[in-house]
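Engineer: Provided below: coords_23.pdb, containing PDB, C-alpha atoms, pLDDT in the B column.
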```pdb
ATOM      1  CA  MET A  91       2.629  -7.923  15.215  1.00 76.00           C
ATOM      2  CA  LYS A  92       4.059  -4.428  14.835  1.00 82.00           C
ATOM      3  CA  ILE A  93       5.139  -5.204  11.276  1.00 90.00           C
ATOM      4  CA  HIS A  94       1.706  -6.693  10.563  1.00 87.00           C
ATOM      5  CA  GLY A  95      -0.010  -3.537  11.846  1.00 82.00           C
ATOM      6  CA  ALA A  96       2.283  -1.274   9.817  1.00 86.00           C
ATOM      7  CA  ALA A  97       1.716  -3.373   6.700  1.00 88.00           C
ATOM      8  CA  ALA A  98      -2.039  -3.135   7.281  1.00 86.00           C
ATOM      9  CA  MET A  99      -1.863   0.657   7.295  1.00 87.00           C
ATOM     10  CA  ALA A 100       0.191   0.617   4.088  1.00 90.00           C
ATOM     11  CA  ILE A 101      -2.318  -1.741   2.436  1.00 88.00           C
ATOM     12  CA  LEU A 102      -5.221   0.512   3.438  1.00 88.00           C
ATOM     13  CA  ILE A 103      -3.456   3.441   1.765  1.00 91.00           C
ATOM     14  CA  LEU A 104      -2.776   1.314  -1.332  1.00 89.00           C
ATOM     15  CA  VAL A 105      -6.416   0.196  -1.552  1.00 89.00           C
ATOM     16  CA  GLY A 106      -7.510   3.822  -1.255  1.00 89.00           C
ATOM     17  CA  MET A 107      -5.213   4.742  -4.121  1.00 91.00           C
ATOM     18  CA  LEU A 108      -6.521   1.842  -6.214  1.00 88.00           C
ATOM     19  CA  LEU A 109     -10.123   2.945  -5.617  1.00 86.00           C
ATOM     20  CA  THR A 110      -9.518   6.291  -7.293  1.00 89.00           C
ATOM     21  CA  GLY A 111      -7.867   4.909 -10.415  1.00 89.00           C
ATOM     22  CA  HIS A 112      -7.815   1.177 -11.090  1.00 89.00           C
ATOM     23  CA  VAL A 113     -11.196   0.313  -9.574  1.00 88.00           C
ATOM     24  CA  ARG A 114     -13.030   3.296 -11.043  1.00 90.00           C
ATOM     25  CA  PHE A 115     -11.644   2.641 -14.529  1.00 89.00           C
ATOM     26  CA  ALA A 116     -12.415  -1.091 -14.456  1.00 87.00           C
ATOM     27  CA  TRP A 117     -15.902  -0.510 -13.036  1.00 89.00           C
ATOM     28  CA  ARG A 118     -16.774   1.962 -15.801  1.00 90.00           C
ATOM     29  CA  ALA A 119     -15.354  -0.423 -18.402  1.00 87.00           C
ATOM     30  CA  ARG A 120     -17.503  -3.205 -16.879  1.00 87.00           C
ATOM     31  CA  ARG A 121     -14.458  -5.419 -16.481  1.00 87.00           C
ATOM     32  CA  ASN A 122     -13.881  -7.991 -13.735  1.00 87.00           C
ATOM     33  CA  ARG A 123     -16.631  -6.508 -11.537  1.00 89.00           C
ATOM     34  CA  GLY A 124     -17.598  -9.659  -9.660  1.00 90.00           C
ATOM     35  CA  ASN A 125     -14.120 -10.681  -8.682  1.00 88.00           C
ATOM     36  CA  GLY A 126     -13.082  -7.098  -7.997  1.00 90.00           C
ATOM     37  CA  SER A 127     -16.044  -6.692  -5.649  1.00 92.00           C
ATOM     38  CA  LEU A 128     -15.113  -9.943  -3.907  1.00 92.00           C
ATOM     39  CA  PHE A 129     -11.532  -8.714  -3.560  1.00 90.00           C
ATOM     40  CA  LEU A 130     -12.609  -5.349  -2.110  1.00 92.00           C
ATOM     41  CA  GLY A 131     -15.045  -7.180   0.172  1.00 95.00           C
ATOM     42  CA  ALA A 132     -12.176  -9.291   1.488  1.00 95.00           C
ATOM     43  CA  PHE A 133     -10.234  -6.112   2.299  1.00 93.00           C
ATOM     44  CA  ALA A 134     -13.301  -4.701   4.040  1.00 94.00           C
ATOM     45  CA  ILE A 135     -13.630  -7.871   6.146  1.00 96.00           C
ATOM     46  CA  LEU A 136      -9.941  -7.720   7.038  1.00 94.00           C
ATOM     47  CA  THR A 137     -10.289  -4.057   8.012  1.00 93.00           C
ATOM     48  CA  VAL A 138     -13.336  -4.636  10.214  1.00 93.00           C
ATOM     49  CA  THR A 139     -11.976  -7.787  11.843  1.00 93.00           C
ATOM     50  CA  GLY A 140      -8.566  -6.181  12.361  1.00 91.00           C
ATOM     51  CA  TYR A 141     -10.261  -3.289  14.127  1.00 90.00           C
ATOM     52  CA  GLY A 142     -12.365  -5.788  16.088  1.00 89.00           C
ATOM     53  CA  LEU A 143      -9.281  -7.655  17.252  1.00 88.00           C
ATOM     54  CA  TYR A 144      -8.038  -4.508  18.943  1.00 85.00           C
ATOM     55  CA  TYR A 145     -11.348  -3.397  20.397  1.00 86.00           C
ATOM     56  CA  ALA A 146     -13.609  -6.485  20.709  1.00 79.00           C
ATOM     57  CA  GLY A 147     -14.996  -6.842  24.213  1.00 77.00           C
ATOM     58  CA  GLY A 148     -15.570 -10.515  24.992  1.00 83.00           C
ATOM     59  CA  GLU A 149     -13.266 -13.458  24.469  1.00 86.00           C
ATOM     60  CA  GLY A 150     -15.872 -15.330  22.421  1.00 86.00           C
ATOM     61  CA  LEU A 151     -16.263 -12.476  19.950  1.00 87.00           C
ATOM     62  CA  ARG A 152     -12.504 -12.007  19.812  1.00 89.00           C
ATOM     63  CA  ALA A 153     -11.989 -15.698  18.995  1.00 91.00           C
ATOM     64  CA  TRP A 154     -14.498 -15.579  16.112  1.00 92.00           C
ATOM     65  CA  THR A 155     -13.001 -12.334  14.833  1.00 93.00           C
ATOM     66  CA  SER A 156      -9.538 -13.854  14.938  1.00 93.00           C
ATOM     67  CA  TRP A 157     -10.559 -16.940  12.947  1.00 95.00           C
ATOM     68  CA  ILE A 158     -12.384 -14.882  10.314  1.00 96.00           C
ATOM     69  CA  HIS A 159      -9.410 -12.522   9.992  1.00 95.00           C
ATOM     70  CA  LEU A 160      -6.998 -15.436   9.636  1.00 95.00           C
ATOM     71  CA  ALA A 161      -9.119 -17.301   7.051  1.00 97.00           C
ATOM     72  CA  VAL A 162      -9.705 -14.248   4.855  1.00 96.00           C
ATOM     73  CA  GLY A 163      -6.058 -13.192   5.199  1.00 94.00           C
ATOM     74  CA  LEU A 164      -4.840 -16.611   4.083  1.00 96.00           C
ATOM     75  CA  ALA A 165      -7.283 -16.607   1.150  1.00 96.00           C
ATOM     76  CA  LEU A 166      -6.210 -13.141  -0.013  1.00 94.00           C
ATOM     77  CA  PRO A 167      -3.171 -14.252  -2.100  1.00 93.00           C
ATOM     78  CA  LEU A 168      -5.379 -16.748  -3.957  1.00 94.00           C
ATOM     79  CA  LEU A 169      -7.985 -14.055  -4.547  1.00 92.00           C
ATOM     80  CA  LEU A 170      -5.266 -11.761  -5.900  1.00 91.00           C
ATOM     81  CA  ILE A 171      -4.002 -14.406  -8.330  1.00 93.00           C
ATOM     82  CA  LEU A 172      -7.564 -15.101  -9.460  1.00 91.00           C
ATOM     83  CA  HIS A 173      -8.256 -11.368  -9.863  1.00 90.00           C
ATOM     84  CA  ILE A 174      -5.162 -10.855 -12.017  1.00 90.00           C
ATOM     85  CA  TRP A 175      -5.893 -13.929 -14.131  1.00 91.00           C
ATOM     86  CA  LEU A 176      -9.530 -12.976 -14.717  1.00 88.00           C
ATOM     87  CA  GLY A 177      -8.512  -9.368 -15.381  1.00 87.00           C
ATOM     88  CA  LYS A 178      -6.111 -10.416 -18.098  1.00 87.00           C
ATOM     89  CA  ARG A 179      -8.842 -12.478 -19.721  1.00 84.00           C
ATOM     90  CA  THR A 180     -11.167  -9.474 -19.914  1.00 79.00           C
ATOM     91  CA  ARG A 181      -8.712  -7.142 -21.633  1.00 76.00           C
ATOM     92  CA  PRO A 182      -9.763  -6.232 -25.163  1.00 72.00           C
ATOM     93  CA  ALA A 183      -6.244  -6.903 -26.515  1.00 67.00           C
ATOM     94  CA  ALA A 184      -6.291 -10.393 -25.017  1.00 54.00           C
ATOM     95  CA  ARG A 185      -9.559 -11.174 -26.817  1.00 55.00           C
ATOM     96  CA  LEU A 186      -8.122 -10.034 -30.142  1.00 55.00           C
ATOM     97  CA  ARG A 187      -5.026 -12.205 -29.729  1.00 59.00           C
ATOM     98  CA  LYS A 188      -7.163 -15.340 -29.257  1.00 61.00           C
ATOM     99  CA  GLN A 189      -9.036 -14.808 -32.531  1.00 59.00           C
ATOM    100  CA  PRO A 190      -7.725 -15.974 -35.894  1.00 59.00           C
ATOM    101  CA  PRO A 191      -5.482 -13.333 -37.555  1.00 59.00           C
ATOM    102  CA  SER A 192      -8.061 -12.517 -40.236  1.00 59.00           C
ATOM    103  CA  VAL A 193     -10.723 -11.667 -37.635  1.00 52.00           C
ATOM    104  CA  ALA A 194      -8.268  -9.764 -35.400  1.00 52.00           C
ATOM    105  CA  LYS A 195      -7.266  -7.499 -38.341  1.00 55.00           C
ATOM    106  CA  MET A 196     -10.871  -6.433 -38.825  1.00 54.00           C
ATOM    107  CA  HIS A 197     -10.983  -5.028 -35.261  1.00 53.00           C
ATOM    108  CA  VAL A 198      -7.770  -3.000 -35.516  1.00 51.00           C
ATOM    109  CA  SER A 199      -8.278   0.601 -36.616  1.00 49.00           C
TER
END
```
Can you dump the structure from the file as structure tokens?
Structural biologist:
Amino acid sequence: MKIHGAAAMAILILVGMLLTGHVRFAWRARRNRGNGSLFLGAFAILTVTGYGLYYAGGEGLRAWTSWIHLAVGLALPLLLILHIWLGKRTRPAARLRKQPPSVAKMHVS
């Protein structure tokens, strides 16, 4: 559990770094907003439930918090793969590559 706790702190720092660059840029470009919001929401749930696991009072609340934390944590790799896949589909260069060469040339400056 010590490694898990240390990794959680590192992930929180990484998410903070992503908020200032990657997330801000993609949000302004109106790219992958829905899935990105879902992904950030999953991190928020993991943060709150992780905190709750340390400080939750009753055993009933702790059990629910544990199950939620486990389910979201196990879903996170799938959400990441989906986020990357959907992100690649929304890139302008990816859209140009899927068009016939004659149409793609018209968009290149």
Engineer: Env of Gly177 (chain A): 10 Å cut, atoms = only C-alpha atoms, seq-sep filter 3 positions within chain, self excluded. Answer as a count of residues only.
Structural biologist: 13
Engineer: So the first atom is CA of Ile101 (chain A) and the second is CA of Ser156 (chain A); what is the distance between them in Å, to one decimal place?
Structural biologist: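 For CA of Ile101 (chain A) relative to CA of Ser156 (chain A), the distance reads 18.8 Å.
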Engineer: Step by step, work through what the PyMOL selection byres ((chain A and resi 160) around 12) selects in the shown file, and finish by giving those residues as a list in words.
Structural biologist: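 The output of the PyMOL selection byres ((chain A and resi 160) around 12) on this file is Ala132, Ile135, Leu136, Thr137, Thr139, Gly140, Leu143, Ala153, Trp154, Thr155, Ser156, Trp157, Ile158, His159, Ala161, Val162, Gly163, Leu164, Ala165 and Leu166 of chain A.
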Engineer: CA of Met107 (chain A) and CA of Leu130 (chain A) are how many Å apart?
Structural biologist: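 Here the two named atoms are 12.7 Å from each other.
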Engineer: As an exercise, work out the distance from CA of Trp117 (chain A) to CA of Pro167 (chain A) in Å and give it to one decimal place.
Structural biologist: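 Those two atoms sit 21.7 Å apart.
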Engineer: Find, counting all atoms listed in the file, the residue in A:Met91, A:Ala96, A:Ala119, A:Leu102 that gets nearest to Phe133 (chain A).
Structural biologist: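 So, comparing all the options, the nearest one is A:Leu102.
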Engineer: Could you work out an axis-aligned bounding box for all listed atoms of region 108-113 of chain A, with 6 Å added on each of the six sides, and give its centre and edge lengths in Å to one decimal, as JSON?
Structural biologist:
```
{"center_x": -8.9, "center_y": 3.3, "center_z": -8.4, "size_x": 16.7, "size_y": 18.0, "size_z": 17.5}
```
